[in-house]
Structures are given as C-alpha cells and as structure tokens.
Amino acid sequence: MSMPDAVTIGIVGAGAMGSLFARRFIHGGFDTFLLERDAESLEIIKEGILFVDNGRRERVPVRAESDPDALRSCSHIFIFVKSYDTEAAIETVAPRLSPSAVLITLQNGLGNRETILRRARPESLIYGTTTMGAARGRTGEIIFGGEGETVIGGGDPAALRELRNILRSSGFAVRITGDPDRALWEKAVINASINPLGALLEVPNGAIADSPHLSALQDTVVQESVNVSQAMGIPLDGKDLSARAVAVCRATAGNRCSMLQDIEAGRRTEIESINGKIAEYGKAAGIAAPCNETLVRLIKAKEGDTRRKDGR
C-alpha cells in the first residue's frame, strides 16, 4: 500500500467526529493535530481526549494547536466543523494551504462543498460521507457509536487513492465513488427523515420506526427530498431510501440522534444544511417541499425555546 512521502494531518473542528478521526490517525502512526481556537477547549484537549469505546475507556494524547498557521505544514486537512461554521473555517484554512495540500470534507448536510470551493481549487478538494458513529458525552468524553463506511470522491485521482490508503491503514472501511454528490444526497435525505423527527418528539430513533404516524411522515420527507434531488440531476430511488431510513432507525433504535443531542445541549442544530437546503434547492427548481420547510420552522422554534429556557 503506497503512502505519500510525508503525511501531516490537520483536523479543523475538535468535535466528536474530528476527535474520532484524530484518534484513528494517531493510532495509525500519522502526525496529526486538532486546530482549536477556544482557549478553554484547547486546555482540555491538551490533557488528552477521553474515548469510551464499548465500555472501554482510553485517554489519547492529542496534539492541539490554536494558531491556524500550523496548517501550512499539512499535507491533508479535514474540515469537521458544523455546517454553519464551514464558511468561517475555509476563510481560515484557504490562505494557509500549501500548493500540494489536500482538503477533505465528510461533513453532514448539503452545501459544504460549494462553500469550500469559493476559496479552494476543485482539484484540491475531496468530499464524501461517513457513517462512523461518535457523540460527545455530558462530561466531555467522546463516545464511540459504531463502525461505518466512509465514501470519498472528487479531487485529483492520485490524491484520492492516497487518501484511501491513509484511511484504510487507520482502520476505516473506505471506498472511492465516481459520484460523491449522490452519496451526499442519499445521506442527507436519510438524515432529513430521521433527525428532525427524533429532535421534535425527543425520542430515540427506534420510536420513529415503531410509530405508523412518524413512519408516514418519514416517507413524505423522503419522497419530497427525492423529487428535489431529481430536479437537481441527482437520480435517487425513493423506495430504496425509505427502506434504508427505516433500517437505520432499527439498527440504531436506542440512539438519540445528533440533532436531538444538540437541542438538549442548547446548541444550534444543522437543520438549515439538511432539510433547509432541500427546501431551498426545491424552491429554486420549482419543486414544492412543504414538509421539509415545516420541519425547519419547527426545529428553529424549538432551538429558540431551549436557549431561552437555559438562559443562552
């Protein structure tokens, strides 16, 4: 398995997924650091990140940097910030990219690639999805949520193969796709049909599949979203995605989705980049998406109520 001569990995976004990937890269022997600008968070990271993996606890020493100029030495830069912070992240990263550096986004939602490409060359950007699971616990630890597949595409073909090798040697199941946009849309549609329902009803994923009312609503979200994707030139299969959404709910029956976790913690959700983007693209294409629009409004209202209640 061939590797680049010198691999230095910078991860922008020290949340659950950024930390999970950092842990895997460190165990894989790669020079890796997390970029964190918040002073309090930086001190916590410098003490090592506590991971909880199937009941086993492991504190992993992680190099943490506050100066974005450290990115100048990176061969690979992963952007793992929340979608609403993507623009600020690429504004920080772009002036510090070396000519040969590779940018990677595996973020949730739609629109991140377009935002990044306003400041980056298309051939430098690899993008896709991951179904690896991780969440931040109430006391700050990173809780491993299960293995998944990472799908990557775009960018320079040689850089794409190198990244696949880096990921594989770090323990990730990874494949290259010639259609990363389809992979993004498929994940976004499934997320759009699970996350807001779990967050609004404050129930684990399995409750969606167990309720005929929520299941019917889930199907409506999927079909609306597929109609929009087809108008955008992304041919998705509504029946297949509905079945996959149910399968995800069954397989993660006890999980509280990330959007619900954000609501409970009083954090802003990524609803705009999921259901919001689907509704936005639908409007531009002349395709109605009223269910997606309604879910956006309900989640935004719930966000506001939670923040007011907690004094945020």
# chains A, B, ... in the order shown; residues from 1 in each chain; ligands from 1

call {"tool": "closest_atom_pairs", "arguments": {"of": "range 249-285 of chain A", "to": "range 230-241 of chain A", "cutoff": "8 Å", "atoms": "only C-alpha atoms", "output": "Markdown table"}}
result
| residue | atom | partner | partner_atom | distance |
| --- | --- | --- | --- | --- |
| A:Tyr281 | CA | A:Met232 | CA | 7.7 |
| A:Gly282 | CA | A:Ala231 | CA | 7.8 |
| A:Ala285 | CA | A:Ala231 | CA | 6.4 |

call {"tool": "write_last_selection", "arguments": {"atoms": "all heavy atoms", "output": "compact mmCIF listing (two decimals), in the first residue's frame"}}
result
# COMPACT_ATOMS: atom_id res chain seq x y z
N TYR A 281 -33.21 24.22 -2.39
CA TYR A 281 -32.98 23.73 -3.74
C TYR A 281 -34.31 23.46 -4.45
O TYR A 281 -34.43 23.68 -5.66
CB TYR A 281 -32.14 22.45 -3.71
CG TYR A 281 -30.71 22.63 -3.27
CD1 TYR A 281 -30.04 21.63 -2.58
CD2 TYR A 281 -30.00 23.80 -3.55
CE1 TYR A 281 -28.72 21.77 -2.17
CE2 TYR A 281 -28.69 23.96 -3.15
CZ TYR A 281 -28.05 22.94 -2.46
OH TYR A 281 -26.74 23.09 -2.07
N GLY A 282 -35.29 22.97 -3.70
CA GLY A 282 -36.60 22.73 -4.29
C GLY A 282 -37.23 24.01 -4.80
O GLY A 282 -37.78 24.05 -5.91
N ALA A 285 -35.74 25.08 -7.99
CA ALA A 285 -36.08 24.21 -9.11
C ALA A 285 -37.58 24.16 -9.39
O ALA A 285 -38.03 23.45 -10.30
CB ALA A 285 -35.57 22.79 -8.83

call {"tool": "residues_around", "arguments": {"residues": "Cys249 in chain A", "least_positions_apart": "4", "cutoff": "10 Å", "atoms": "only C-alpha atoms", "output": "list in words"}}
result
Ile190, Ile194, Pro204, Asn205, Gly206, Ala207, Ile208, Ala209, Asp210, Ala243, Arg244, Ala245, Ala253, Gly254, Asn255 and Cys257 of chain A

call {"tool": "closest_residue", "arguments": {"among": "A:Asp179, A:Glu40, A:Glu293, A:Glu162", "to": "Val7 in chain A", "atoms": "only C-alpha atoms"}}
result
A:Glu162

call {"tool": "atom_distance", "arguments": {"atom1": "CA of Leu50 in chain A", "atom2": "CA of Pro68 in chain A"}}
result
24.1 Å

call {"tool": "select_by_dssp", "arguments": {"residues": "range 163-227 of chain A", "states": "strand (DSSP E or B)", "output": "number ranges by chain"}}
result
A: 173-176

call {"tool": "write_last_selection", "arguments": {"atoms": "N, CA, C and O atoms", "output": "mmCIF file, in the first residue's frame"}}
result
data_model
loop_
_atom_site.group_PDB
_atom_site.id
_atom_site.type_symbol
_atom_site.label_atom_id
_atom_site.label_comp_id
_atom_site.auth_asym_id
_atom_site.auth_seq_id
_atom_site.Cartn_x
_atom_site.Cartn_y
_atom_site.Cartn_z
ATOM 1 N N ALA A 173 -13.153 1.594 7.064
ATOM 2 C CA ALA A 173 -13.697 0.953 5.868
ATOM 3 C C ALA A 173 -13.991 2.076 4.884
ATOM 4 O O ALA A 173 -14.797 2.966 5.178
ATOM 5 N N VAL A 174 -13.354 2.072 3.730
ATOM 6 C CA VAL A 174 -13.456 3.212 2.812
ATOM 7 C C VAL A 174 -13.563 2.721 1.377
ATOM 8 O O VAL A 174 -12.975 1.700 1.011
ATOM 9 N N ARG A 175 -14.332 3.442 0.579
ATOM 10 C CA ARG A 175 -14.376 3.152 -0.849
ATOM 11 C C ARG A 175 -14.441 4.463 -1.618
ATOM 12 O O ARG A 175 -14.917 5.490 -1.113
ATOM 13 N N ILE A 176 -13.942 4.402 -2.835
ATOM 14 C CA ILE A 176 -13.975 5.556 -3.735
ATOM 15 C C ILE A 176 -15.208 5.454 -4.615
ATOM 16 O O ILE A 176 -15.543 4.377 -5.111
#

call {"tool": "residues_around", "arguments": {"residues": "range 219-225 of chain A", "least_positions_apart": "5", "cutoff": "6 Å", "atoms": "only C-alpha atoms", "output": "MDAnalysis selection string"}}
result
chainID A and resid 193 238 242 289

call {"tool": "closest_residue", "arguments": {"among": "A:Ala22, A:Leu201, A:Ile104, A:Ala183", "to": "Gly155 in chain A", "atoms": "only C-alpha atoms"}}
result
A:Ile104
